[in-house]
Amino acid sequence: MASDTLNGPTNLKVRELLKEVQLDYSPSFTKLVDDTVSAIKDAIDRIPQDLQVTADVAPGFVRDIGADKVEFTFKKPISVEIGGSYSMRCIAKPDVNVDVFVRMPKEMFHEKDYLNHRYHAKRFLYLCIIKRYLKLSSVAEKVEWSTFQNESRKPILVVHPAMRIAEAPIVLVRIIPTATSVFNVAKLNMKRNNIRALNQGAVLQPTPKYNSSILEDLFLEDNAEFVRRTFLGWNELGEALILLKVWARQRSSIYTHDCLSGFLISVIMVYLASKSGGNRIKKSMNTMQIFRVMMDFIAASKLWETGLFFHPQGEWNTSKEFCPRGECICILVVHMSPHEVNMWSHHPEDVVEGDVAQQRHRRCTERRSSLQSFPVIICDEFAGFNLTFRMTKGGFLELRNEAALTLSGIDKCRDGGFDEVFMTKVDFPAKYDYCIRLNLKGSMEVNALGFCLDDECWRSYEQKVLSLMHQGLNDRAKVIRVIWRNTPLGCNLEDGLSMFDREPLLIGISVNTLENAFRFVDIGPNAENKNEALKFRKFWGDKAELRRFKDGTIAESTVWECKQWERHLIIKRISEHVLMRHLSLSQDSITTIVDQLDFSLRYGNEDPLSFSASLLEAFEVLSKHLRLLDDIPLTVSSVQPLDPGFLSQPKLPILYYGIDLQGYVYVIIFATVILDITAFRFTSVFPPKPHPLALEKGVKQRFQSPTSSCIQSLEVMIQLEGSGNWPMGDVAIEKTKSAFLLKIGQSLQSNWGMICNATEDDVVVFTSGYAFRLKILHEKGLTLTKWPMGSNQVKRVPSTDKILYMRSQHASMINGLQGRYPIYGPVVRLAKRWVAAHLLSTSLGEEAIELLVAYLFLKPLPFHAPSSRITGFLRFLRLLSEYDWAFSALVVDINGDLTLNDEKEVNGNFISSRKAYEENMQNTSPAMFLATAYDRVSEAWTRSSPTSSELRRLAAYAKSSANLLAKLNLEDQLDLYRWECLFRTPLSNYNAIVLLHRDRLPYPQHLLFPSEVNQGMHVVRGKPSKKFHPFLLPGDMKGSLEELKHKLMVNFDPLRCFVGDIEASIILKKSFSSFEYRTVCHCSEPWRGELILSSLHLQKEFPNKFKVWYDSLGGDAIGLTWEQSGSKKRGREEIAEEEDLFNVLKSVGEVGKGFVRSIYLPKAPKLK
Amino acid sequence: MLTEAKPTGLKKIKKKDKPTETVPDTNTNELKEEKKRNKSLGQKRGVTVMGSRSKATVVGQHDIEAFKSDGALSEKNKRKLLRKMKRKRDRMNVSEIGKVDVLHDYVEYALDEQNGEHTHGKKEDGKLRKKGRRTEKTKKAGIDKVNVLRKKVEDDSKEENGKSRKARRSKKGHLSSKKEEKALEKSEPAQDEVYEISSGDEDCSRGMRKWITEYHQSRPGLEILQHRIDDFMTAYEEQEEQARKEQEALAAEGGWTVVVHHKGRKKTTDTESGIAVGSVAQAAVLEREAKKKSKTKDVGVDFYRFQKREAQRNEIMALQSKFEQDKKRIQQLRAARKFRPY
């Protein structure tokens, strides 16, 4: 209890995790496994003895691995025993594999069968026979081929047992043949050549991997038993192993054939727990401590440079004298079982009679040097071969990186990094910035030299690709990982190995720094250095050019010219060039995941980001003019671009109330939802283009066709010098501000010819093709808060100044972040596009999205900060779907200025908000608690939306999109259509769908996909209005320039007007009792009353549950949902309800006259 | 009705027969009328093609209603008929004679159908009667059942009655005004029936036209806006002035005024005279305040032993409560299945 309290929730969580993944060794389950294994044993026993086996059983396999003499007579296995993780009770669900070691008899092998793959062939044939008989028996439902650690020449059998218990997980039995004490170990020395075909002339090339592969089988059982002995009865060690397996399994880049396996993890643990490893793991440690020791050892130990060697145990301690470095592996003479003695006596150098210690020492150093060809060494206790002979250098480095990241996660993250370490999937698409997929199906080059030499052809190909990529990208990439998993499950291995190239080869690239990655020019060797230059030319082919550089040098170089917004494609171009040139691949077989989603951010062929330079220029001009204004009472003291639209609020328009002279009369102003775009910090999906009509007077303009008739404004915040003359009331303050802005506008217009377009609430100024909307921040207003009317007194509405202040804080912070991480902008744009495309604009405001993405960059663990848009986007989706929103606040600390106390305060705020939630279950606000330095109570962006149900919808959408995206990364999909699916929202998820006239949208070019509904019931059809057109018609162009300018509409968005009108009717009902509503009817225009009536009508049937989902970026579909009222209703009422439904939809259609194209009910109601 | 004595099966049938018989009656009567009408229409139609077309559709609608009145028709038959009728309507456009004939056919067909249904109903009644008999055998309990059954039958017949009446009414409605017809359609919209909305260009109360007019109305020009604001401000100032005067008057009357304590001295402006003292950034003020607070707090937190003890105890309490919270949270997480790593 005490330790639990101290360690916080981490230990509790780890306990829960273990409960989830540990296998329950209940008597019924162990009986099932025992029965299955003994049934398998029986089936094998039934195989007739002395069966003659020849290559005909599996001619393809024997041919492909190149074995020559393979005939043998079948003999019963010496033993069939359960081993591996099941026997250690360290299985981590959901893969429940029971390893069964089948020890092949020595009699079936000749003495020299270790040569030329004969052993492998016989091993396979032996399994073939077993498979044949297992299929005949009733034990197995299915028997399949798999491979041992992805090594094609060592297949194993996977048995799906027919016996099953309902509550237990599905068990797979893996039959792994072993060859204990079959060959003379000395013959399999790392320096010996055992594949004769490999020899060129007289030189015998050593075959260390081949030899290790056989040695592994010779000592498989011994090693497994050795490991098991250590784990036996040591509960914490076993649990730690399970945790490590979970950890590794979440990291698909290290749990692979060329890196880590469950067995290797346990071997490292045994090493650390033994004297050889310095007893780093002690009996007194708890599970998490052991885990930490392991991570620490993997990440930081220097022992890896020399390798891990097991010392002989017991009386052989003295060997240290002779092996001062303590890496002696002279175990052979230690536990001398009879067969071992027998084995070693064959060794020519094995002069046992001499000075034993001396002898051992000699052998020790010798072996160490013989293992030096491997990048990582874990020497086994028995034969001194390398257990990690499959591990590559790249794989090992990746392992160390991951371990280091995990350690920092444990130290820095919430709850000891539990989520980051165990729960977050660190797979290829999320981890690497660029993924390249090579489709090598049927490629002749892979196995040109034969399938299996010392190494298998697929492994050599991996290395080849890796070295090419390294050479091609050099310092652009930090890490390059190449993995080709090629065990197809359920294939027919008897026919040979040619199907092993079916799966695609994956290349993962982590970018070094963006400056490096996006560099245009690679400078090669100096021209005078002929040899190097020639090599360079040979590598790059026609891409290499001789160039003279600024400093006068003339050097070979490669130039990757492209437009500014296409720089992320440089890596793609380089890698494609290199791979195509050197591997003779076609372009179709190389898929680089980088630009597949760019279609959603483009206007036609270009990215609108290209206008950002001119935008900044325009802003500079404006701010200069503003500062120099001298005909207004107070001078402008600061100008700040702030453009995030106040978008989190459209659901609940701010209700202003005014005090009239006659008394209290509510004046309702539906705050025009600000339509700004975050252009200044490159995070807006569509930064504005300069508009030809928004230029100053007297500047000549050219019209491109078509010219848009609408323009979006960009918000600019102004602060004035201090003054005491400001009025006190908040309405009066706002009015004074407007008066100031009008003055400023007039002054700009008369002095500089900037046209000013003003309403009572905003003043917009046109300059150099952009529209800037001016806002004034008044400090005094910060302290004022407003109380909305109605019963909902708990919700505080911050004053306009407060909102403005927070926005300015937000804008400057995000600006800083964008400076630090240039890739931040594109990720935000994709994220915003995604949210909007799924009609979730109401739920998640632009600022909230920006903060969420910022979090990915600020707290990237267990990754590094993303360096490509797709990776960032995928992580955004995962964050949205996996973050524990209900129980934790998300603190986005952009400048790192929150202290520990501040975080405590935030947490306190969070807890109190959740407590309020517990008291009354309906009201979860905010469901998404986003705290920042400027907003510690999460009232700025997520106060009222998303609600918990909206958040659930968001998470569900994000989850399915993330899964699809990850799948698209890894699997071959030829068509681009699947990528589009990420942004195509299913329209069947709404109760009703409103489709709009596409040519009446203000920016039809922003529309991603035109929506159509084919099923369901067509309820309403509407005609387009002639009053509005998104482009200036030729007829309009005839008038004078002034008239034309008048026609340019600022921030006009019928979609928003429409949504506003629908929601207004709902909100009116919500916030007014019948009395108040009557007042409203009196004071506003008659149509509003009508609207309210219809909404009242609506509310009767769907009280407060009517919801509008739309795409604020210009989609042409709006979804409507409501919660079905009580399901058990009698027929007649149902009819009445349906009738009402139709009426409601009709009135919705009427509200959007001239804009609504049609309304559908996707699920047509049942007709009586 | 419930009070009625034990009913016999015969009675039931009779009761049921009555209304059902009336239905075909009315139908045939009306159909005869219709035929006549159609004939006359046909004559008219010979004169103008336009008229005929419009009439044809009207007849079609009429058909639907006639057919709707047939409450007993099964869904399947309905659909079949609809299809047939559609075909027939098409043909009607071609030739008037054919139309009349077909209509006649249809009417007969419908009648047949209804009769069939009727006989079916009879059969069902027979069954009911049988059941009734059986239940009679079981005496007391049986009586209740019969009552229930009888009630059901009666209800059925009533409904049928109602429907036929409705049909009749609707026909009248059709003849007199179109409005009611529309209402009827609304209650049961057919698959291809779509409510049409105009472009709204003539109506500025709703839709696109309204938004555009609002847009333009909100931009009357800088001068007008300036005037409005000025008006507001003068009104506001007057109001403020008045309020102040009232207060002063109240004070002058010798009454009491409530003295409000203004906390702090950090006034950046003097509200009365309006002298600017200079604007101070909000953040800076807060920071200064926070600093002051922390300074004062620093002294004497662990000065006395009891303070230390208390602090320790508080810490332990906080830890314990945190532990409890964590446990609770984990339970909730477990419920949400948050511990499945993959």
# chains A, B, ... in the order shown; residues from 1 in each chain; ligands from 1
$ closest_atom_pairs --of "chain A" --to "chain B" --cutoff "6 Å" --atoms "only C-alpha atoms" --output "Markdown table"
| residue | atom | partner | partner_atom | distance |
| --- | --- | --- | --- | --- |
| A:Thr5 | CA | B:Phe323 | CA | 5.7 |
| A:Pro9 | CA | B:Asp326 | CA | 5.8 |
| A:Leu17 | CA | B:Phe339 | CA | 5.3 |
| A:Met423 | CA | B:Pro341 | CA | 4.9 |
| A:Gly722 | CA | B:Ser279 | CA | 4.8 |
| A:Ser723 | CA | B:Ala276 | CA | 5.3 |
| A:Gly724 | CA | B:Gly274 | CA | 4.7 |
| A:Asn725 | CA | B:Gly274 | CA | 5.6 |
| A:Ala758 | CA | B:Arg219 | CA | 6.0 |
| A:Thr759 | CA | B:Arg219 | CA | 5.0 |
| A:Val1019 | CA | B:Val194 | CA | 5.0 |
| A:Val1020 | CA | B:Tyr195 | CA | 4.5 |
| A:Arg1021 | CA | B:Glu196 | CA | 4.9 |
| A:Gly1022 | CA | B:Ile197 | CA | 4.5 |
| A:Lys1023 | CA | B:Ser199 | CA | 4.5 |
| A:Pro1024 | CA | B:Ser199 | CA | 5.2 |
| A:Ser1025 | CA | B:Ser199 | CA | 4.7 |
| A:Trp1087 | CA | B:Ser205 | CA | 5.8 |
| A:Val1151 | CA | B:Gly207 | CA | 5.2 |
| A:Gly1152 | CA | B:Gly207 | CA | 4.3 |
| A:Lys1153 | CA | B:Gly207 | CA | 4.1 |
| A:Gly1154 | CA | B:Ser199 | CA | 4.1 |
$ residues_around --residues "segment 822-838 of chain A" --least-positions-apart "2" --cutoff "9 Å" --atoms "only C-alpha atoms" --output "JSON, numbers by chain"
{"A": [514, 597, 598, 600, 601, 681, 682, 683, 684, 685, 686, 817, 818, 819, 820, 840, 841, 842, 843, 844, 845, 846, 849, 850, 852, 853, 854, 857, 866, 867, 868, 869, 870, 871, 872, 873, 876, 877, 954, 957, 982, 983, 984, 985, 986, 1008, 1109, 1110, 1111, 1112, 1113, 1114, 1115]}
$ write_last_selection --atoms "C-alpha atoms" --output "PDB file, in the first residue's frame"
ATOM      1  CA  LEU A 514      14.266  20.052 -42.088  1.00  0.00           C
ATOM      2  CA  LEU A 597      -2.982  14.005 -49.116  1.00  0.00           C
ATOM      3  CA  ASP A 598      -1.795  17.195 -50.718  1.00  0.00           C
ATOM      4  CA  SER A 600      -6.880  18.416 -50.133  1.00  0.00           C
ATOM      5  CA  LEU A 601      -4.825  21.575 -49.683  1.00  0.00           C
ATOM      6  CA  ARG A 681       1.062  31.542 -39.246  1.00  0.00           C
ATOM      7  CA  PHE A 682       0.615  29.288 -42.249  1.00  0.00           C
ATOM      8  CA  THR A 683      -1.895  27.177 -40.458  1.00  0.00           C
ATOM      9  CA  SER A 684      -4.964  28.050 -42.435  1.00  0.00           C
ATOM     10  CA  VAL A 685      -6.140  25.510 -44.930  1.00  0.00           C
ATOM     11  CA  PHE A 686      -6.726  28.120 -47.588  1.00  0.00           C
ATOM     12  CA  LEU A 817       5.868  27.396 -32.632  1.00  0.00           C
ATOM     13  CA  GLN A 818       5.603  27.626 -36.391  1.00  0.00           C
ATOM     14  CA  GLY A 819       9.024  29.237 -36.373  1.00  0.00           C
ATOM     15  CA  ARG A 820      10.458  26.332 -34.447  1.00  0.00           C
ATOM     16  CA  LEU A 840     -17.255  18.461 -37.489  1.00  0.00           C
ATOM     17  CA  SER A 841     -16.472  22.163 -37.799  1.00  0.00           C
ATOM     18  CA  THR A 842     -18.975  22.903 -35.080  1.00  0.00           C
ATOM     19  CA  SER A 843     -17.338  20.580 -32.635  1.00  0.00           C
ATOM     20  CA  LEU A 844     -13.695  21.385 -32.827  1.00  0.00           C
ATOM     21  CA  GLY A 845     -12.612  24.951 -33.350  1.00  0.00           C
ATOM     22  CA  GLU A 846      -9.581  25.964 -35.336  1.00  0.00           C
ATOM     23  CA  ILE A 849      -6.976  21.904 -33.525  1.00  0.00           C
ATOM     24  CA  GLU A 850      -3.917  24.113 -33.506  1.00  0.00           C
ATOM     25  CA  LEU A 852      -3.790  19.631 -30.330  1.00  0.00           C
ATOM     26  CA  VAL A 853      -1.262  19.592 -33.129  1.00  0.00           C
ATOM     27  CA  ALA A 854       1.053  21.778 -31.095  1.00  0.00           C
ATOM     28  CA  PHE A 857       5.317  18.711 -31.383  1.00  0.00           C
ATOM     29  CA  PRO A 866       7.112  14.683 -36.558  1.00  0.00           C
ATOM     30  CA  SER A 867       8.870  15.945 -39.647  1.00  0.00           C
ATOM     31  CA  SER A 868       6.375  15.152 -42.312  1.00  0.00           C
ATOM     32  CA  ARG A 869       2.787  16.108 -42.777  1.00  0.00           C
ATOM     33  CA  ILE A 870       1.367  12.631 -43.082  1.00  0.00           C
ATOM     34  CA  THR A 871       3.115  11.330 -39.992  1.00  0.00           C
ATOM     35  CA  GLY A 872       1.983  14.365 -38.053  1.00  0.00           C
ATOM     36  CA  PHE A 873      -1.523  13.978 -39.317  1.00  0.00           C
ATOM     37  CA  PHE A 876      -3.054  13.886 -34.617  1.00  0.00           C
ATOM     38  CA  LEU A 877      -5.748  11.363 -35.422  1.00  0.00           C
ATOM     39  CA  LEU A 954     -14.739  12.805 -33.181  1.00  0.00           C
ATOM     40  CA  TYR A 957     -14.049   9.083 -36.793  1.00  0.00           C
ATOM     41  CA  LEU A 982      -9.929   9.793 -45.504  1.00  0.00           C
ATOM     42  CA  PHE A 983     -11.765  12.969 -46.374  1.00  0.00           C
ATOM     43  CA  ARG A 984     -14.996  11.517 -47.632  1.00  0.00           C
ATOM     44  CA  THR A 985     -17.483  11.421 -44.880  1.00  0.00           C
ATOM     45  CA  PRO A 986     -20.200   8.810 -44.786  1.00  0.00           C
ATOM     46  CA  LEU A1008     -13.346  18.713 -51.864  1.00  0.00           C
ATOM     47  CA  TRP A1109     -23.075  19.268 -38.557  1.00  0.00           C
ATOM     48  CA  TYR A1110     -21.335  21.173 -41.309  1.00  0.00           C
ATOM     49  CA  ASP A1111     -18.085  21.873 -43.069  1.00  0.00           C
ATOM     50  CA  SER A1112     -16.935  25.415 -42.490  1.00  0.00           C
ATOM     51  CA  LEU A1113     -14.379  25.230 -45.275  1.00  0.00           C
ATOM     52  CA  GLY A1114     -17.000  25.097 -47.951  1.00  0.00           C
ATOM     53  CA  GLY A1115     -18.584  21.699 -48.137  1.00  0.00           C
TER      54      GLY A1115
END
$ atom_distance --atom1 "atom CA of Asn235 of chain A" --atom2 "atom CA of Ile281 of chain A"
12.9 Å
$ atom_distance --atom1 "atom CA of Asp630 of chain A" --atom2 "atom CA of Pro727 of chain A"
22.5 Å
$ residues_around --residues "segment 88-95 of chain A" --least-positions-apart "4" --cutoff "8 Å" --atoms "only C-alpha atoms" --output "PyMOL selection string"
chain A and resi 20-23+83-84+169+171+228+231-232+238-239+241-242+245-246
$ select_by_dssp --residues "segment 22-151 of chain A" --states "helix (DSSP H, G or I)" --output "PyMOL selection string"
chain A and resi 27-45+55-57+59-65+84-88+106-108+118-136
$ residues_around --residues "Tyr1160 of chain A" --least-positions-apart "6" --cutoff "6 Å" --atoms "only C-alpha atoms" --output "PDB file with N, CA, C and O atoms, in the first residue's frame"
ATOM      1  N   ALA A 992     -30.785  13.368 -41.212  1.00  0.00           N
ATOM      2  CA  ALA A 992     -31.218  14.021 -42.444  1.00  0.00           C
ATOM      3  C   ALA A 992     -30.018  14.735 -43.039  1.00  0.00           C
ATOM      4  O   ALA A 992     -29.095  15.130 -42.329  1.00  0.00           O
ATOM      5  N   ILE A 993     -30.022  14.858 -44.339  1.00  0.00           N
ATOM      6  CA  ILE A 993     -28.911  15.515 -45.006  1.00  0.00           C
ATOM      7  C   ILE A 993     -29.449  16.659 -45.852  1.00  0.00           C
ATOM      8  O   ILE A 993     -30.413  16.497 -46.605  1.00  0.00           O
ATOM      9  N   MET A1017     -34.740   8.843 -48.813  1.00  0.00           N
ATOM     10  CA  MET A1017     -35.936   9.486 -49.318  1.00  0.00           C
ATOM     11  C   MET A1017     -35.669  10.957 -49.585  1.00  0.00           C
ATOM     12  O   MET A1017     -35.118  11.665 -48.755  1.00  0.00           O
ATOM     13  N   HIS A1018     -36.061  11.382 -50.729  1.00  0.00           N
ATOM     14  CA  HIS A1018     -35.883  12.765 -51.120  1.00  0.00           C
ATOM     15  C   HIS A1018     -37.080  13.554 -50.587  1.00  0.00           C
ATOM     16  O   HIS A1018     -38.199  13.287 -50.975  1.00  0.00           O
ATOM     17  N   VAL A1019     -36.849  14.466 -49.701  1.00  0.00           N
ATOM     18  CA  VAL A1019     -37.985  15.151 -49.081  1.00  0.00           C
ATOM     19  C   VAL A1019     -38.218  16.526 -49.663  1.00  0.00           C
ATOM     20  O   VAL A1019     -39.335  16.923 -49.936  1.00  0.00           O
TER      21      VAL A1019
END
$ atom_distance --atom1 "atom CA of Pro375 of chain A" --atom2 "atom CA of Lys393 of chain A"
5.5 Å
$ closest_residue --among "A:Pro429, A:Pro48, A:Pro525, A:Pro926" --to "Thr592 of chain A" --atoms "only C-alpha atoms"
A:Pro429
$ residues_around --residues "Leu407 of chain A" --least-positions-apart "6" --cutoff "8 Å" --atoms "only C-alpha atoms" --output "list in words"
Arg292, Met295 and Asp296 of chain A
$ write_last_selection --atoms "N, CA, C and O atoms" --output "JSON list (two decimals), in the first residue's frame"
[["chain", "number", "residue", "atom", "x", "y", "z"],
["A", 292, "ARG", "N", 12.88, -1.06, -15.89],
["A", 292, "ARG", "CA", 13.72, 0.12, -16.03],
["A", 292, "ARG", "C", 15.19, -0.26, -16.19],
["A", 292, "ARG", "O", 15.91, 0.31, -17.01],
["A", 295, "MET", "N", 15.75, -1.34, -19.71],
["A", 295, "MET", "CA", 15.78, -0.22, -20.64],
["A", 295, "MET", "C", 17.11, 0.50, -20.54],
["A", 295, "MET", "O", 17.75, 0.84, -21.53],
["A", 296, "ASP", "N", 17.50, 0.71, -19.30],
["A", 296, "ASP", "CA", 18.74, 1.42, -19.06],
["A", 296, "ASP", "C", 19.91, 0.66, -19.67],
["A", 296, "ASP", "O", 20.77, 1.24, -20.32]]
$ select_by_dssp --residues "segment 101-345 of chain A" --states "strand (DSSP E or B)" --output "ChimeraX atom specification"
/A:101-103,140-148,151-161,171-178,200,203,251,308-309
$ decode --residues "segment 737-754 of chain A" --atoms "C-alpha atoms" --output "PDB file, in the first residue's frame"
ATOM      1  CA  LYS A 737     -14.285  50.993 -30.214  1.00  0.00           C
ATOM      2  CA  SER A 738     -16.421  50.975 -33.311  1.00  0.00           C
ATOM      3  CA  ALA A 739     -16.290  54.718 -33.428  1.00  0.00           C
ATOM      4  CA  PHE A 740     -12.528  54.609 -33.274  1.00  0.00           C
ATOM      5  CA  LEU A 741     -12.336  52.001 -35.968  1.00  0.00           C
ATOM      6  CA  LEU A 742     -14.615  53.991 -38.217  1.00  0.00           C
ATOM      7  CA  LYS A 743     -12.393  57.007 -37.766  1.00  0.00           C
ATOM      8  CA  ILE A 744      -9.348  54.942 -38.564  1.00  0.00           C
ATOM      9  CA  GLY A 745     -11.039  53.499 -41.594  1.00  0.00           C
ATOM     10  CA  GLN A 746     -12.015  56.920 -42.855  1.00  0.00           C
ATOM     11  CA  SER A 747      -8.568  58.219 -42.315  1.00  0.00           C
ATOM     12  CA  LEU A 748      -6.952  55.304 -44.146  1.00  0.00           C
ATOM     13  CA  GLN A 749      -9.396  55.753 -46.962  1.00  0.00           C
ATOM     14  CA  SER A 750      -8.774  59.428 -47.413  1.00  0.00           C
ATOM     15  CA  ASN A 751      -5.021  59.360 -46.828  1.00  0.00           C
ATOM     16  CA  TRP A 752      -3.967  56.171 -48.555  1.00  0.00           C
ATOM     17  CA  GLY A 753      -6.828  55.212 -50.752  1.00  0.00           C
ATOM     18  CA  MET A 754      -7.491  52.037 -48.852  1.00  0.00           C
TER      19      MET A 754
END
